[in-house]
>>> print(open('protein.txt').read())   # compact mmCIF, N, CA and C atoms
# COMPACT_ATOMS: atom_id res chain seq x y z
N MET A 560 46.54 -5.54 -71.56
CA MET A 560 45.50 -4.80 -70.88
C MET A 560 45.89 -3.32 -70.78
N SER A 561 44.95 -2.47 -71.00
CA SER A 561 45.24 -1.06 -70.83
C SER A 561 45.03 -0.65 -69.38
N ARG A 562 45.44 0.53 -69.04
CA ARG A 562 45.29 1.00 -67.66
C ARG A 562 43.82 1.13 -67.28
N LYS A 563 42.98 1.52 -68.25
CA LYS A 563 41.56 1.70 -67.95
C LYS A 563 40.91 0.38 -67.55
N GLU A 564 41.23 -0.71 -68.27
CA GLU A 564 40.67 -2.01 -67.93
C GLU A 564 41.17 -2.49 -66.58
N SER A 565 42.43 -2.28 -66.30
CA SER A 565 43.01 -2.70 -65.03
C SER A 565 42.36 -1.96 -63.87
N LYS A 566 42.09 -0.67 -64.03
CA LYS A 566 41.46 0.10 -62.96
C LYS A 566 40.03 -0.37 -62.73
N GLY A 567 39.33 -0.76 -63.80
CA GLY A 567 37.97 -1.25 -63.65
C GLY A 567 37.90 -2.52 -62.83
N VAL A 568 38.86 -3.40 -63.01
CA VAL A 568 38.89 -4.65 -62.25
C VAL A 568 39.12 -4.37 -60.78
N SER A 569 40.05 -3.48 -60.47
CA SER A 569 40.33 -3.19 -59.07
C SER A 569 39.16 -2.48 -58.41
N THR A 570 38.41 -1.68 -59.16
CA THR A 570 37.23 -1.02 -58.60
C THR A 570 36.19 -2.06 -58.20
N TRP A 571 35.93 -3.03 -59.06
CA TRP A 571 34.97 -4.07 -58.73
C TRP A 571 35.47 -4.96 -57.59
N LEU A 572 36.76 -5.15 -57.52
CA LEU A 572 37.33 -5.92 -56.43
C LEU A 572 37.11 -5.22 -55.09
N VAL A 573 37.30 -3.92 -55.06
CA VAL A 573 37.08 -3.14 -53.84
C VAL A 573 35.60 -3.15 -53.47
N ILE A 574 34.72 -2.98 -54.45
CA ILE A 574 33.28 -3.01 -54.18
C ILE A 574 32.87 -4.37 -53.62
N GLY A 575 33.38 -5.44 -54.22
CA GLY A 575 33.06 -6.79 -53.73
C GLY A 575 33.56 -7.04 -52.32
N ALA A 576 34.76 -6.56 -52.03
CA ALA A 576 35.31 -6.73 -50.68
C ALA A 576 34.48 -5.97 -49.65
N ILE A 577 34.05 -4.76 -50.00
CA ILE A 577 33.23 -3.96 -49.09
C ILE A 577 31.89 -4.65 -48.84
N VAL A 578 31.29 -5.19 -49.90
CA VAL A 578 30.01 -5.89 -49.75
C VAL A 578 30.18 -7.11 -48.84
N LEU A 579 31.25 -7.87 -49.02
CA LEU A 579 31.48 -9.04 -48.17
C LEU A 579 31.70 -8.66 -46.71
N ILE A 580 32.42 -7.57 -46.48
CA ILE A 580 32.64 -7.11 -45.10
C ILE A 580 31.33 -6.69 -44.46
N VAL A 581 30.49 -5.96 -45.21
CA VAL A 581 29.19 -5.54 -44.68
C VAL A 581 28.32 -6.75 -44.36
N LEU A 582 28.31 -7.74 -45.26
CA LEU A 582 27.52 -8.95 -44.99
C LEU A 582 28.02 -9.69 -43.76
N LEU A 583 29.34 -9.75 -43.59
CA LEU A 583 29.90 -10.40 -42.41
C LEU A 583 29.48 -9.67 -41.14
N LEU A 584 29.53 -8.35 -41.15
CA LEU A 584 29.13 -7.58 -39.98
C LEU A 584 27.65 -7.76 -39.67
N VAL A 585 26.81 -7.80 -40.70
CA VAL A 585 25.37 -8.03 -40.49
C VAL A 585 25.14 -9.41 -39.91
N TRP A 586 25.84 -10.41 -40.47
CA TRP A 586 25.69 -11.77 -39.99
C TRP A 586 26.10 -11.90 -38.53
N LEU A 587 27.23 -11.30 -38.18
CA LEU A 587 27.69 -11.37 -36.79
C LEU A 587 26.77 -10.60 -35.85
N SER A 588 26.22 -9.48 -36.31
CA SER A 588 25.30 -8.70 -35.49
C SER A 588 24.02 -9.48 -35.21
N VAL A 589 23.47 -10.11 -36.24
CA VAL A 589 22.25 -10.90 -36.06
C VAL A 589 22.52 -12.08 -35.13
N ALA A 590 23.65 -12.75 -35.31
CA ALA A 590 23.98 -13.87 -34.44
C ALA A 590 24.13 -13.42 -32.99
N ASP A 591 24.73 -12.24 -32.80
CA ASP A 591 24.90 -11.72 -31.44
C ASP A 591 23.55 -11.35 -30.82
N LEU A 592 22.67 -10.76 -31.60
CA LEU A 592 21.35 -10.40 -31.09
C LEU A 592 20.52 -11.62 -30.72
N LEU A 593 20.68 -12.69 -31.50
CA LEU A 593 19.94 -13.92 -31.22
C LEU A 593 20.62 -14.78 -30.16
N GLY A 594 21.82 -14.40 -29.75
CA GLY A 594 22.54 -15.17 -28.74
C GLY A 594 23.12 -16.46 -29.28
N ASP A 595 23.29 -16.54 -30.59
CA ASP A 595 23.77 -17.77 -31.22
C ASP A 595 25.21 -17.58 -31.65
N THR A 596 26.11 -17.43 -30.69
CA THR A 596 27.51 -17.17 -31.03
C THR A 596 28.43 -18.31 -30.62
N ASP A 597 27.88 -19.42 -30.16
CA ASP A 597 28.69 -20.54 -29.71
C ASP A 597 28.95 -21.49 -30.88
N VAL A 598 30.10 -21.35 -31.51
CA VAL A 598 30.43 -22.16 -32.67
C VAL A 598 30.65 -23.62 -32.27
N ALA A 599 31.20 -23.85 -31.10
CA ALA A 599 31.48 -25.21 -30.65
C ALA A 599 30.18 -26.00 -30.46
N ALA A 600 29.10 -25.33 -30.08
CA ALA A 600 27.83 -26.02 -29.90
C ALA A 600 27.31 -26.56 -31.22
N PHE A 601 27.66 -25.92 -32.33
CA PHE A 601 27.24 -26.40 -33.64
C PHE A 601 28.17 -27.50 -34.15
N ALA A 602 29.45 -27.38 -33.88
CA ALA A 602 30.43 -28.33 -34.42
C ALA A 602 30.41 -29.66 -33.68
N THR A 603 30.13 -29.68 -32.40
CA THR A 603 30.19 -30.89 -31.60
C THR A 603 29.21 -31.97 -32.09
N PRO A 604 27.93 -31.64 -32.34
CA PRO A 604 27.03 -32.71 -32.84
C PRO A 604 27.48 -33.27 -34.18
N LEU A 605 28.08 -32.46 -35.04
CA LEU A 605 28.55 -32.97 -36.31
C LEU A 605 29.71 -33.94 -36.13
N LEU A 606 30.57 -33.67 -35.17
CA LEU A 606 31.69 -34.57 -34.91
C LEU A 606 31.21 -35.90 -34.33
N ASN A 607 30.16 -35.84 -33.50
CA ASN A 607 29.64 -37.06 -32.91
C ASN A 607 28.90 -37.93 -33.92
N MET A 608 28.39 -37.33 -35.02
CA MET A 608 27.67 -38.09 -36.02
C MET A 608 28.61 -38.76 -37.01
N GLY A 609 29.89 -38.45 -36.94
CA GLY A 609 30.84 -39.11 -37.81
C GLY A 609 31.22 -38.32 -39.05
N PHE A 610 30.82 -37.08 -39.13
CA PHE A 610 31.20 -36.25 -40.29
C PHE A 610 32.57 -35.69 -40.14
>>> encode(input="protein.txt", output="structure tokens")
Amino acid sequence: MSRKESKGVSTWLVIGAIVLIVLLLVWLSVADLLGDTDVAAFATPLLNMGF
């Protein structure tokens, strides 16, 4: 691999990481606005159903 190809991969990796971080922040913001931040309330019914 040449240096140019290696730099291109790391650029896309950084762009992908930034996009994932932004999506995570949007997801957490929407959950906070809707008041749906209790993870245990979602997990408990699944445990009781046998999953």
>>> atom_distance(input="protein.txt", atom1="atom CA of A:Thr570", atom2="atom CA of A:Leu582")
18.5 Å
>>> atom_distance(input="protein.txt", atom1="atom CA of A:Asp597", atom2="atom N of A:Val585")
16.9 Å
>>> atom_distance(input="protein.txt", atom1="atom C of A:Ala590", atom2="atom CA of A:Leu572")
27.9 Å
